[in-house]
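Quick look at data.txt (compact mmCIF, C-alpha atoms and all ligand atoms):
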```txt
# COMPACT_ATOMS: atom_id res chain seq x y z
CA MET B 1 -13.21 -25.88 57.87
CA THR B 2 -13.75 -23.87 54.68
CA LYS B 3 -15.33 -25.82 51.85
CA ALA B 4 -15.25 -24.98 48.13
CA PHE B 5 -16.32 -26.81 44.96
CA VAL B 6 -16.16 -27.02 41.21
CA VAL B 7 -19.57 -27.52 39.69
CA GLY B 8 -20.22 -28.76 36.14
CA HIS B 9 -21.87 -31.48 34.12
CA PRO B 10 -20.00 -33.75 33.57
CA ILE B 11 -17.32 -32.91 36.13
CA LYS B 12 -15.25 -36.02 36.78
CA HIS B 13 -12.39 -34.92 34.49
CA SER B 14 -11.90 -31.53 36.13
CA ARG B 15 -8.33 -30.96 37.30
CA SER B 16 -9.33 -28.09 39.61
CA PRO B 17 -9.42 -30.33 42.73
CA LEU B 18 -5.77 -31.25 42.10
CA ILE B 19 -4.80 -27.58 41.85
CA HIS B 20 -6.69 -26.41 44.95
CA GLY B 21 -5.77 -29.55 46.88
CA HIS B 22 -2.11 -28.80 46.22
CA TRP B 23 -2.45 -25.24 47.51
CA LEU B 24 -4.41 -26.31 50.60
CA LYS B 25 -1.63 -28.72 51.49
CA GLN B 26 1.15 -26.27 50.64
CA HIS B 27 -0.33 -23.64 52.95
CA GLY B 28 -1.32 -26.09 55.68
CA LEU B 29 -4.99 -25.03 55.49
CA ALA B 30 -7.86 -27.12 56.81
CA GLY B 31 -10.12 -26.76 53.79
CA SER B 32 -11.69 -28.90 51.11
CA TYR B 33 -12.38 -28.55 47.40
CA GLU B 34 -14.68 -31.06 45.76
CA ARG B 35 -16.28 -31.87 42.43
CA ILE B 36 -20.07 -31.54 42.29
CA ASP B 37 -22.05 -32.79 39.31
CA VAL B 38 -25.23 -30.76 38.83
CA ALA B 39 -27.54 -31.17 35.81
CA PRO B 40 -28.50 -27.92 34.03
CA ALA B 41 -32.10 -28.02 35.29
CA ASP B 42 -30.89 -28.12 38.92
CA PHE B 43 -28.22 -25.44 38.66
CA PRO B 44 -30.28 -22.35 39.63
CA GLU B 45 -31.36 -24.17 42.83
CA PHE B 46 -27.75 -25.17 43.52
CA LEU B 47 -26.74 -21.49 43.31
CA LYS B 48 -29.35 -20.53 45.88
CA THR B 49 -28.45 -23.29 48.32
CA PHE B 50 -24.67 -23.85 48.27
CA ALA B 51 -24.05 -21.35 51.08
CA ALA B 52 -26.59 -23.08 53.34
CA ARG B 53 -24.78 -26.34 52.60
CA GLY B 54 -21.65 -24.84 54.14
CA PHE B 55 -19.70 -23.85 51.02
CA ALA B 56 -17.76 -20.58 50.86
CA GLY B 57 -17.92 -20.67 47.06
CA GLY B 58 -16.52 -22.47 44.07
CA ASN B 59 -15.74 -22.65 40.41
CA VAL B 60 -18.31 -23.05 37.66
CA THR B 61 -17.54 -24.88 34.48
CA ILE B 62 -19.28 -26.17 31.34
CA PRO B 63 -22.26 -25.95 30.82
CA HIS B 64 -23.16 -23.59 33.67
CA LYS B 65 -21.12 -20.40 33.12
CA GLU B 66 -23.91 -18.45 31.40
CA THR B 67 -26.64 -19.63 33.82
CA ALA B 68 -24.39 -18.63 36.70
CA TYR B 69 -24.00 -15.18 35.15
CA LEU B 70 -27.78 -14.81 34.88
CA ASN B 71 -28.55 -16.00 38.41
CA VAL B 72 -25.92 -14.53 40.75
CA ASP B 73 -26.86 -11.59 42.98
CA ARG B 74 -23.83 -9.45 42.08
CA ARG B 75 -21.22 -9.57 39.32
CA THR B 76 -17.78 -8.08 38.81
CA ALA B 77 -17.22 -5.80 35.81
CA LYS B 78 -15.36 -8.59 33.98
CA ALA B 79 -18.23 -11.05 34.44
CA GLU B 80 -20.62 -8.34 33.28
CA ARG B 81 -18.56 -7.74 30.16
CA LEU B 82 -18.27 -11.44 29.30
CA LYS B 83 -21.77 -12.51 30.35
CA ALA B 84 -20.20 -15.62 31.91
CA VAL B 85 -19.24 -16.48 35.49
CA ASN B 86 -16.63 -19.08 36.51
CA THR B 87 -16.01 -18.15 40.17
CA LEU B 88 -18.56 -17.76 42.98
CA TRP B 89 -18.32 -16.55 46.56
CA ILE B 90 -20.54 -15.13 49.28
CA GLU B 91 -20.26 -11.56 50.48
CA ASP B 92 -22.72 -10.02 52.98
CA GLY B 93 -25.09 -12.90 52.32
CA LEU B 94 -25.09 -12.31 48.54
CA VAL B 95 -23.78 -14.63 45.83
CA TRP B 96 -21.07 -12.88 43.80
CA GLY B 97 -19.77 -14.00 40.39
CA ASP B 98 -16.50 -13.19 38.65
CA ASN B 99 -14.83 -14.35 35.45
CA THR B 100 -11.21 -15.20 36.18
CA ASP B 101 -10.40 -16.63 32.74
CA VAL B 102 -9.34 -13.13 31.75
CA VAL B 103 -6.77 -12.73 34.50
CA GLY B 104 -5.84 -16.41 34.02
CA PHE B 105 -4.78 -15.94 30.44
CA MET B 106 -3.16 -12.53 30.93
CA SER B 107 -1.17 -13.53 34.04
CA HIS B 108 0.11 -16.53 32.18
CA LEU B 109 1.24 -14.37 29.22
CA ASP B 110 2.88 -11.88 31.58
CA ARG B 111 4.70 -14.63 33.46
CA SER B 112 5.79 -16.41 30.27
CA LEU B 113 6.85 -13.39 28.23
CA GLY B 114 8.07 -10.95 30.84
CA LYS B 115 6.99 -7.40 31.63
CA SER B 116 5.76 -5.11 28.87
CA TRP B 117 5.70 -7.83 26.21
CA GLU B 118 2.66 -6.10 24.73
CA GLN B 119 4.69 -3.00 23.80
CA ALA B 120 6.04 -5.00 20.86
CA VAL B 121 2.63 -6.26 19.70
CA GLU B 122 0.87 -3.98 17.25
CA THR B 123 -1.55 -6.65 15.99
CA ALA B 124 -2.98 -9.72 17.70
CA LEU B 125 -4.80 -12.55 15.93
CA VAL B 126 -7.32 -14.54 17.98
CA ILE B 127 -8.62 -17.70 16.34
CA GLY B 128 -12.02 -18.90 17.59
CA ALA B 129 -15.03 -17.04 19.00
CA GLY B 130 -16.30 -19.17 21.90
CA GLY B 131 -16.27 -18.41 25.63
CA ALA B 132 -12.51 -18.69 25.93
CA ALA B 133 -11.97 -16.34 22.98
CA ARG B 134 -14.19 -13.74 24.67
CA ALA B 135 -12.11 -13.84 27.85
CA ILE B 136 -8.86 -13.59 25.89
CA VAL B 137 -10.06 -10.72 23.73
CA ALA B 138 -11.29 -8.83 26.81
CA GLY B 139 -7.88 -9.31 28.44
CA LEU B 140 -5.99 -8.13 25.36
CA GLN B 141 -8.25 -5.06 25.11
CA ASP B 142 -6.88 -3.86 28.45
CA ARG B 143 -3.41 -3.66 26.94
CA PRO B 144 -2.04 -1.14 24.46
CA ILE B 145 -2.38 -3.43 21.44
CA GLY B 146 -3.26 -1.52 18.25
CA ARG B 147 -5.55 -4.04 16.60
CA ILE B 148 -7.10 -7.38 17.49
CA PHE B 149 -8.35 -9.62 14.68
CA VAL B 150 -10.92 -12.31 15.50
CA ALA B 151 -11.25 -15.18 13.02
CA ASN B 152 -13.74 -17.99 13.42
CA ARG B 153 -14.95 -20.90 11.25
CA THR B 154 -18.51 -19.64 11.78
CA LEU B 155 -18.24 -16.01 10.75
CA SER B 156 -21.43 -14.91 12.52
CA LYS B 157 -20.00 -15.87 15.92
CA ALA B 158 -16.91 -13.71 15.32
CA THR B 159 -19.19 -10.84 14.30
CA GLU B 160 -21.23 -11.30 17.47
CA LEU B 161 -18.11 -11.35 19.66
CA VAL B 162 -16.78 -8.17 18.06
CA ARG B 163 -20.15 -6.47 18.48
CA ASP B 164 -20.48 -7.51 22.14
CA LEU B 165 -16.95 -6.48 23.11
CA ALA B 166 -16.70 -3.35 20.97
CA GLY B 167 -15.49 -0.24 22.67
CA GLY B 168 -12.26 -1.32 24.30
CA GLY B 169 -9.40 -1.59 21.82
CA MET B 170 -9.65 -1.96 18.07
CA LEU B 171 -11.45 -5.20 17.29
CA GLU B 172 -11.99 -6.51 13.77
CA VAL B 173 -13.59 -9.62 12.32
CA LEU B 174 -11.28 -11.51 10.01
CA PRO B 175 -12.83 -14.03 7.59
CA TRP B 176 -11.45 -17.54 8.21
CA GLU B 177 -9.99 -17.67 4.65
CA GLU B 178 -7.93 -14.56 5.40
CA ILE B 179 -6.06 -15.94 8.41
CA GLY B 180 -3.07 -16.76 6.21
CA GLY B 181 -2.77 -13.13 5.09
CA ALA B 182 -2.94 -11.78 8.66
CA ILE B 183 -0.20 -14.01 10.05
CA ALA B 184 2.59 -11.82 8.69
CA LYS B 185 1.24 -8.84 10.66
CA ALA B 186 0.54 -10.57 13.96
CA GLY B 187 2.85 -10.16 16.94
CA LEU B 188 0.62 -12.51 18.91
CA ILE B 189 -1.36 -15.46 17.52
CA VAL B 190 -3.73 -17.29 19.89
CA ASN B 191 -5.63 -20.50 19.21
CA THR B 192 -8.79 -20.60 21.32
CA THR B 193 -10.51 -23.36 19.33
CA SER B 194 -10.47 -27.03 20.24
CA LEU B 195 -8.35 -27.79 17.16
CA GLY B 196 -5.10 -29.49 18.19
CA MET B 197 -6.67 -31.17 21.21
CA ALA B 198 -6.00 -34.93 21.49
CA GLY B 199 -8.41 -36.66 19.09
CA GLN B 200 -9.05 -33.49 17.05
CA PRO B 201 -7.42 -32.33 13.83
CA ALA B 202 -4.58 -29.81 14.16
CA LEU B 203 -5.02 -26.09 13.58
CA ASP B 204 -2.93 -25.98 10.47
CA LEU B 205 -1.49 -22.47 10.14
CA GLU B 206 1.19 -21.64 7.62
CA LEU B 207 3.73 -19.93 9.84
CA ALA B 208 6.42 -19.48 7.18
CA GLY B 209 5.51 -15.80 6.82
CA ALA B 210 5.19 -15.08 10.55
CA ARG B 211 7.24 -12.28 12.10
CA SER B 212 10.39 -13.59 13.74
CA ASP B 213 9.33 -11.93 17.03
CA ALA B 214 5.80 -13.38 16.96
CA VAL B 215 4.42 -15.26 19.96
CA VAL B 216 2.15 -18.26 19.35
CA ALA B 217 -0.19 -19.22 22.21
CA ASP B 218 -2.63 -22.10 22.52
CA ILE B 219 -5.33 -22.68 25.12
CA VAL B 220 -5.39 -26.42 24.44
CA TYR B 221 -3.31 -28.26 27.06
CA VAL B 222 -3.90 -31.90 26.18
CA PRO B 223 -1.41 -32.40 24.62
CA LEU B 224 0.73 -29.73 26.20
CA LYS B 225 2.62 -29.19 22.99
CA THR B 226 -0.06 -29.00 20.31
CA PRO B 227 0.86 -29.42 16.63
CA LEU B 228 0.50 -25.62 16.31
CA LEU B 229 2.99 -24.98 19.13
CA ALA B 230 5.37 -27.61 17.73
CA ALA B 231 5.24 -25.92 14.31
CA ALA B 232 5.88 -22.51 15.90
CA GLU B 233 8.79 -23.85 17.92
CA ALA B 234 10.29 -25.42 14.81
CA ARG B 235 10.35 -21.90 13.35
CA HIS B 236 12.02 -20.56 16.51
CA LEU B 237 8.97 -18.52 17.50
CA ARG B 238 8.17 -18.01 21.18
CA ILE B 239 5.38 -20.29 22.37
CA VAL B 240 2.95 -20.15 25.31
CA ASP B 241 1.07 -23.34 26.16
CA GLY B 242 -2.48 -23.70 27.45
CA LEU B 243 -1.85 -25.08 30.92
CA GLY B 244 -0.91 -21.76 32.48
CA MET B 245 -4.35 -20.28 31.84
CA LEU B 246 -5.97 -23.14 33.78
CA LEU B 247 -3.56 -22.70 36.68
CA HIS B 248 -3.72 -18.90 36.88
CA GLN B 249 -7.53 -18.69 36.58
CA ALA B 250 -7.71 -20.69 39.84
CA VAL B 251 -5.78 -18.12 41.91
CA PRO B 252 -8.51 -15.49 42.61
CA GLY B 253 -11.05 -18.08 43.78
CA PHE B 254 -8.64 -19.76 46.18
CA SER B 255 -7.72 -16.39 47.57
CA ARG B 256 -11.39 -15.44 48.18
CA TRP B 257 -12.42 -18.74 49.79
CA PHE B 258 -9.34 -19.60 51.80
CA GLY B 259 -7.84 -16.14 52.46
CA VAL B 260 -4.37 -16.87 51.05
CA THR B 261 -3.18 -15.84 47.59
CA PRO B 262 -1.41 -18.89 46.19
CA ASP B 263 1.34 -18.96 43.60
CA VAL B 264 1.57 -20.89 40.34
CA THR B 265 4.85 -22.70 40.89
CA PRO B 266 6.84 -25.11 38.70
CA GLU B 267 5.93 -27.76 41.29
CA LEU B 268 2.18 -27.24 40.73
CA ARG B 269 2.66 -27.26 37.00
CA ALA B 270 4.63 -30.52 37.20
CA LEU B 271 1.84 -32.10 39.23
CA ILE B 272 -0.78 -31.30 36.59
CA VAL B 273 1.53 -32.27 33.72
CA ALA B 274 2.06 -35.67 35.36
CA ASP B 275 -1.70 -36.09 35.66
CA ILE B 276 -2.25 -35.18 31.99
CA GLU B 277 0.50 -37.54 30.90
CA GLY B 278 -0.78 -40.33 33.14
CA GLU B 279 -4.14 -40.17 31.41
CA ARG B 280 -2.81 -40.40 27.87
P1 LIG L 1 -14.83 -22.53 24.63
O1 LIG L 1 -15.75 -22.13 25.75
O2 LIG L 1 -13.73 -23.46 25.03
O3 LIG L 1 -14.32 -21.36 23.87
P2 LIG L 1 -16.86 -23.08 22.61
O4 LIG L 1 -17.64 -21.90 23.09
O5 LIG L 1 -17.59 -24.34 22.32
O6 LIG L 1 -15.73 -23.46 23.65
O7 LIG L 1 -16.02 -22.63 21.32
C1 LIG L 1 -15.30 -23.53 20.54
C2 LIG L 1 -14.53 -22.77 19.44
O8 LIG L 1 -13.78 -23.74 18.70
C3 LIG L 1 -15.43 -22.06 18.44
O9 LIG L 1 -14.77 -20.90 17.98
C4 LIG L 1 -15.54 -23.11 17.31
O10 LIG L 1 -15.85 -22.58 16.05
P3 LIG L 1 -17.40 -22.47 15.55
O11 LIG L 1 -17.95 -21.24 16.21
O12 LIG L 1 -17.30 -22.35 14.08
O13 LIG L 1 -18.07 -23.73 16.00
C5 LIG L 1 -14.12 -23.64 17.31
N1 LIG L 1 -14.02 -24.95 16.65
C6 LIG L 1 -14.38 -26.15 17.16
N2 LIG L 1 -14.13 -27.13 16.27
C7 LIG L 1 -13.59 -26.52 15.15
C8 LIG L 1 -13.13 -26.99 13.88
N3 LIG L 1 -13.15 -28.29 13.55
N4 LIG L 1 -12.64 -26.07 13.00
C9 LIG L 1 -12.59 -24.75 13.33
N5 LIG L 1 -13.04 -24.25 14.51
C10 LIG L 1 -13.53 -25.12 15.41
```
Can you present the structure in this file as structure tokens?
Ligand code: ATR
Amino acid sequence: MTKAFVVGHPIKHSRSPLIHGHWLKQHGLAGSYERIDVAPADFPEFLKTFAARGFAGGNVTIPHKETAYLNVDRRTAKAERLKAVNTLWIEDGLVWGDNTDVVGFMSHLDRSLGKSWEQAVETALVIGAGGAARAIVAGLQDRPIGRIFVANRTLSKATELVRDLAGGGMLEVLPWEEIGGAIAKAGLIVNTTSLGMAGQPALDLELAGARSDAVVADIVYVPLKTPLLAAAEARHLRIVDGLGMLLHQAVPGFSRWFGVTPDVTPELRALIVADIEGER
């Protein structure tokens, strides 16, 4: 039986076991996917020993993504670019690390907006400069988008992100106070901050001047419809919620460990939505 895991600290709220459990059942596979709580000090040892414990690989979440990047034997180009690893597997006895947040976000946009949506986007505005923002910016850089603005409360982190990811698509730091002015230009606006999450203040953007064809995306998925997405919808803008990124980032790992490429279906989405709603 193939075994996989999600490792983090804390880990009990991870929804990944629900996602992978659903796919295992759907495909009739005799596998398992479990949560493992590992404290930061023990994580390098965990990386060295999971294969001997019978695991084919797993997902890595907060706070271990950077340590995983530093300690794997081999990395994909995406993991190299982002300096963070969220998916592990064994190949020829070596521990490999990938970052599937990039494909997670982009697949979700492609599925939600249809083919070639990016042809209509000259300017994208990414709000936030954490790990998720890095993955999203790297994904957008692979598309023919003219300019990507990055705005963050802490300006220095936006500057760092732009410096680290320079060289693939036009990236520019946008001071936080200038977000309002950039909204009118943006064909795609993405919130990657935790603003709008249950218990947090909303990301309060003035969308009155937004283009009528603008898309507003959020990576927050509790609640599913954040105040930002509700405001965008009220202005008849297209919206993309945060759940799809979580679901799509899980696909490459499942495929590596269990040998079947699963699909993100409405049924899977409904299962996770019910879980989110049950918790609130
Ligand atoms: P993740 O890995 O999910 O991206 P992170 O690396 O902790 O998480 O990044 C969180 C992001 O949310 C950062 O851009 C952070 O801004 P700062 O760099 O200024 O901290 C942003 N963020 C969190 N709380 C915020 C708030 N109250 N107002 C504005 N931005 C906020």
Q) Near range 239-244 of chain B, counting only C-alpha atoms, which residues have an atom at most 10 Å away, once you skip same-chain residues fewer than 4 positions from it, shown as a ChimeraX atom specification? A) /B:104-109,111-113,188-192,214-226,228-233,248-249,264,269,272-273
Which residues of chain B come within 6 Å of ligand LIG 1 (chain L), and for each one, what is the closest pair of atoms and their distance in Å to one decimal, counting all atoms listed in the file, sorted by chain and residue number, as a tab-separated table?
```
residue	atom	partner	partner_atom	distance
B:Gly128	CA	L:LIG1	O9	3.4
B:Ala129	CA	L:LIG1	O9	4.0
B:Gly130	CA	L:LIG1	O4	3.3
B:Gly131	CA	L:LIG1	O1	3.8
B:Ala132	CA	L:LIG1	O3	3.8
B:Ala133	CA	L:LIG1	O3	5.6
B:Asn152	CA	L:LIG1	O9	5.5
B:Arg153	CA	L:LIG1	O12	4.0
B:Thr154	CA	L:LIG1	O12	3.8
B:Lys157	CA	L:LIG1	O11	5.8
B:Thr193	CA	L:LIG1	O8	3.4
B:Ser194	CA	L:LIG1	O8	4.9
B:Leu195	CA	L:LIG1	C7	5.8
```
Q) Which polymer residues have any atom within 8 Å of an atom of range 57-71 of chain B, counting all atoms listed in the file, with same-chain residues fewer than 5 positions away left out, as a list in words? A)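 Near neighbours after the sequence-gap exclusion: Lys3, Ala4, Phe5, Val6, Val7, Gly8, His9, Pro10, Pro40, Phe43, Pro44, Leu47, Phe50, Ala51, Ala79, Glu80, Lys83, Ala84, Val85, Asn86, Thr87, Leu88, Trp89, Ile90, Gly97, Gly253 and Trp257 of chain B.
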Q.
Neighbouring residues of Thr261 in chain B were defined as those with any atom within 10 Å, considering all atoms listed in the file; residues of the same chain fewer than 3 positions away were excluded. Please report them as an NGL selection string.
A. :B and (23 or 27 or 251-258)
Q. Which of these, B:Ser212, B:Thr49, B:Thr76, B:Ser32, has the shortest distance to Ala234 in chain B once you count all atoms listed in the file?
A.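 Looking at the shortest contact to Ala234 in chain B, the residue is B:Ser212.
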Q: Give the answer as one residue: which of B:Val260, B:Ile11, B:Met245, B:Val162 has the shortest atom-to-atom distance to Thr100 in chain B, using only C-alpha atoms?
A: B:Met245
(Q) Show me the residues around (-1.8, -0.2, 24.1) - criterion: an atom at most 9 Å away, all atoms listed in the file counted - as a ChimeraX atom specification. (A) /B:118-119,121-122,141-146,169
Q) If you measure from CA of Phe55 in chain B to CA of Glu267 in chain B, what distance in Å do you get, rounded to one decimal? A) 27.7 Å
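Going from CA of Gly209 in chain B to CA of Ala184 in chain B covers 5.3 Å.
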Q. What lies within 10 Å of Lys48 in chain B using all atoms listed in the file, ignoring chain neighbours under 6 positions off, as number ranges by chain?
A. B: 71-73, 94-95
Q: Quote the spacing between CA of Ala274 in chain B and CA of Arg15 in chain B in Å to one decimal place.
A: 11.6 Å
Q | Nearest residue to Ala198 in chain B from the set B:Thr265, B:Asp110, B:Val38, B:Pro227 (distances using only C-alpha atoms) | A |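 Result for the nearest residue to Ala198 in chain B: B:Pro227.
Across B:Leu247, B:Met1, B:Met170, B:Val150, the tightest approach to Pro266 in chain B is made by B:Leu247 when counting all atoms listed in the file.
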Q | Counting all atoms listed in the file, the residue of B:Ile148, B:Ile136, B:Met197, B:Leu24 that sits nearest Val102 in chain B | A | B:Ile136
Q.
Just checking: using all atoms listed in the file, which residue out of B:Arg81, B:Arg134, B:Arg211, B:His20 ends up closest to Ala250 in chain B?
A.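 Among B:Arg81, B:Arg134, B:Arg211, B:His20, it is B:His20 that comes nearest to Ala250 in chain B.
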If you take every atom of range 229-239 of chain B that the file lists and fit an axis-aligned box around them with 6 Å extra on each side, what centre and edge lengths come out in Å to one decimal, as JSON?
```
{"center_x": 7.5, "center_y": -22.8, "center_z": 17.9, "size_x": 21.0, "size_y": 21.6, "size_z": 21.0}
```
Could you extract range 196-270 of chain B of the given structure into a file holding C-alpha atoms, as a CSV table (one decimal), in the first residue's frame?
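Output contents, as saved in decode07.csv:
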```csv
chain,number,residue,atom,x,y,z
B,196,GLY,CA,-10.6,39.0,4.4
B,197,MET,CA,-10.0,35.7,6.2
B,198,ALA,CA,-12.6,34.9,8.9
B,199,GLY,CA,-11.5,37.0,12.0
B,200,GLN,CA,-9.4,39.4,10.0
B,201,PRO,CA,-10.3,42.8,8.6
B,202,ALA,CA,-11.4,43.0,4.9
B,203,LEU,CA,-9.1,44.1,2.1
B,204,ASP,CA,-10.9,47.2,1.4
B,205,LEU,CA,-10.3,48.1,-2.3
B,206,GLU,CA,-12.2,50.8,-4.0
B,207,LEU,CA,-13.4,49.0,-7.1
B,208,ALA,CA,-15.6,51.8,-8.5
B,209,GLY,CA,-12.9,52.6,-11.1
B,210,ALA,CA,-12.0,49.0,-12.1
B,211,ARG,CA,-12.2,48.0,-15.7
B,212,SER,CA,-15.5,46.3,-16.5
B,213,ASP,CA,-13.6,43.2,-17.8
B,214,ALA,CA,-11.4,43.0,-14.7
B,215,VAL,CA,-11.0,39.7,-12.8
B,216,VAL,CA,-10.7,39.8,-9.0
B,217,ALA,CA,-9.1,36.7,-7.4
B,218,ASP,CA,-8.6,35.9,-3.7
B,219,ILE,CA,-6.5,33.1,-2.2
B,220,VAL,CA,-8.4,33.3,1.1
B,221,TYR,CA,-11.1,30.5,1.1
B,222,VAL,CA,-12.5,30.8,4.6
B,223,PRO,CA,-15.0,32.4,3.9
B,224,LEU,CA,-15.3,31.3,0.3
B,225,LYS,CA,-16.8,34.6,-0.7
B,226,THR,CA,-14.5,37.2,1.0
B,227,PRO,CA,-15.7,40.8,1.4
B,228,LEU,CA,-13.4,41.6,-1.6
B,229,LEU,CA,-15.0,39.0,-3.8
B,230,ALA,CA,-18.5,40.1,-2.7
B,231,ALA,CA,-17.6,43.8,-3.6
B,232,ALA,CA,-16.3,42.7,-7.0
B,233,GLU,CA,-19.4,40.6,-7.7
B,234,ALA,CA,-21.6,43.5,-6.7
B,235,ARG,CA,-19.9,45.5,-9.5
B,236,HIS,CA,-20.5,42.6,-11.9
B,237,LEU,CA,-16.7,41.8,-12.2
B,238,ARG,CA,-15.6,38.2,-12.7
B,239,ILE,CA,-14.4,36.6,-9.5
B,240,VAL,CA,-12.2,33.6,-8.7
B,241,ASP,CA,-12.2,32.3,-5.2
B,242,GLY,CA,-9.3,30.8,-3.2
B,243,LEU,CA,-10.4,27.2,-2.9
B,244,GLY,CA,-9.4,26.2,-6.4
B,245,MET,CA,-5.7,26.9,-5.7
B,246,LEU,CA,-5.8,24.5,-2.7
B,247,LEU,CA,-7.5,21.8,-4.8
B,248,HIS,CA,-5.3,22.1,-7.9
B,249,GLN,CA,-2.0,22.3,-6.0
B,250,ALA,CA,-2.7,18.8,-4.7
B,251,VAL,CA,-2.9,17.2,-8.2
B,252,PRO,CA,0.8,16.8,-9.0
B,253,GLY,CA,1.6,15.1,-5.7
B,254,PHE,CA,-1.2,12.6,-5.9
B,255,SER,CA,-0.1,11.8,-9.4
B,256,ARG,CA,3.5,11.2,-8.3
B,257,TRP,CA,2.7,9.1,-5.2
B,258,PHE,CA,-0.2,7.1,-6.4
B,259,GLY,CA,0.4,7.0,-10.2
B,260,VAL,CA,-3.0,8.4,-11.2
B,261,THR,CA,-3.7,12.0,-12.2
B,262,PRO,CA,-6.8,13.0,-10.4
B,263,ASP,CA,-9.3,15.7,-11.5
B,264,VAL,CA,-10.7,18.6,-9.5
B,265,THR,CA,-14.4,17.9,-9.8
B,266,PRO,CA,-17.5,19.8,-8.5
B,267,GLU,CA,-18.0,16.8,-6.2
B,268,LEU,CA,-14.5,17.3,-4.6
B,269,ARG,CA,-15.1,21.0,-4.3
B,270,ALA,CA,-18.5,20.4,-2.6
```
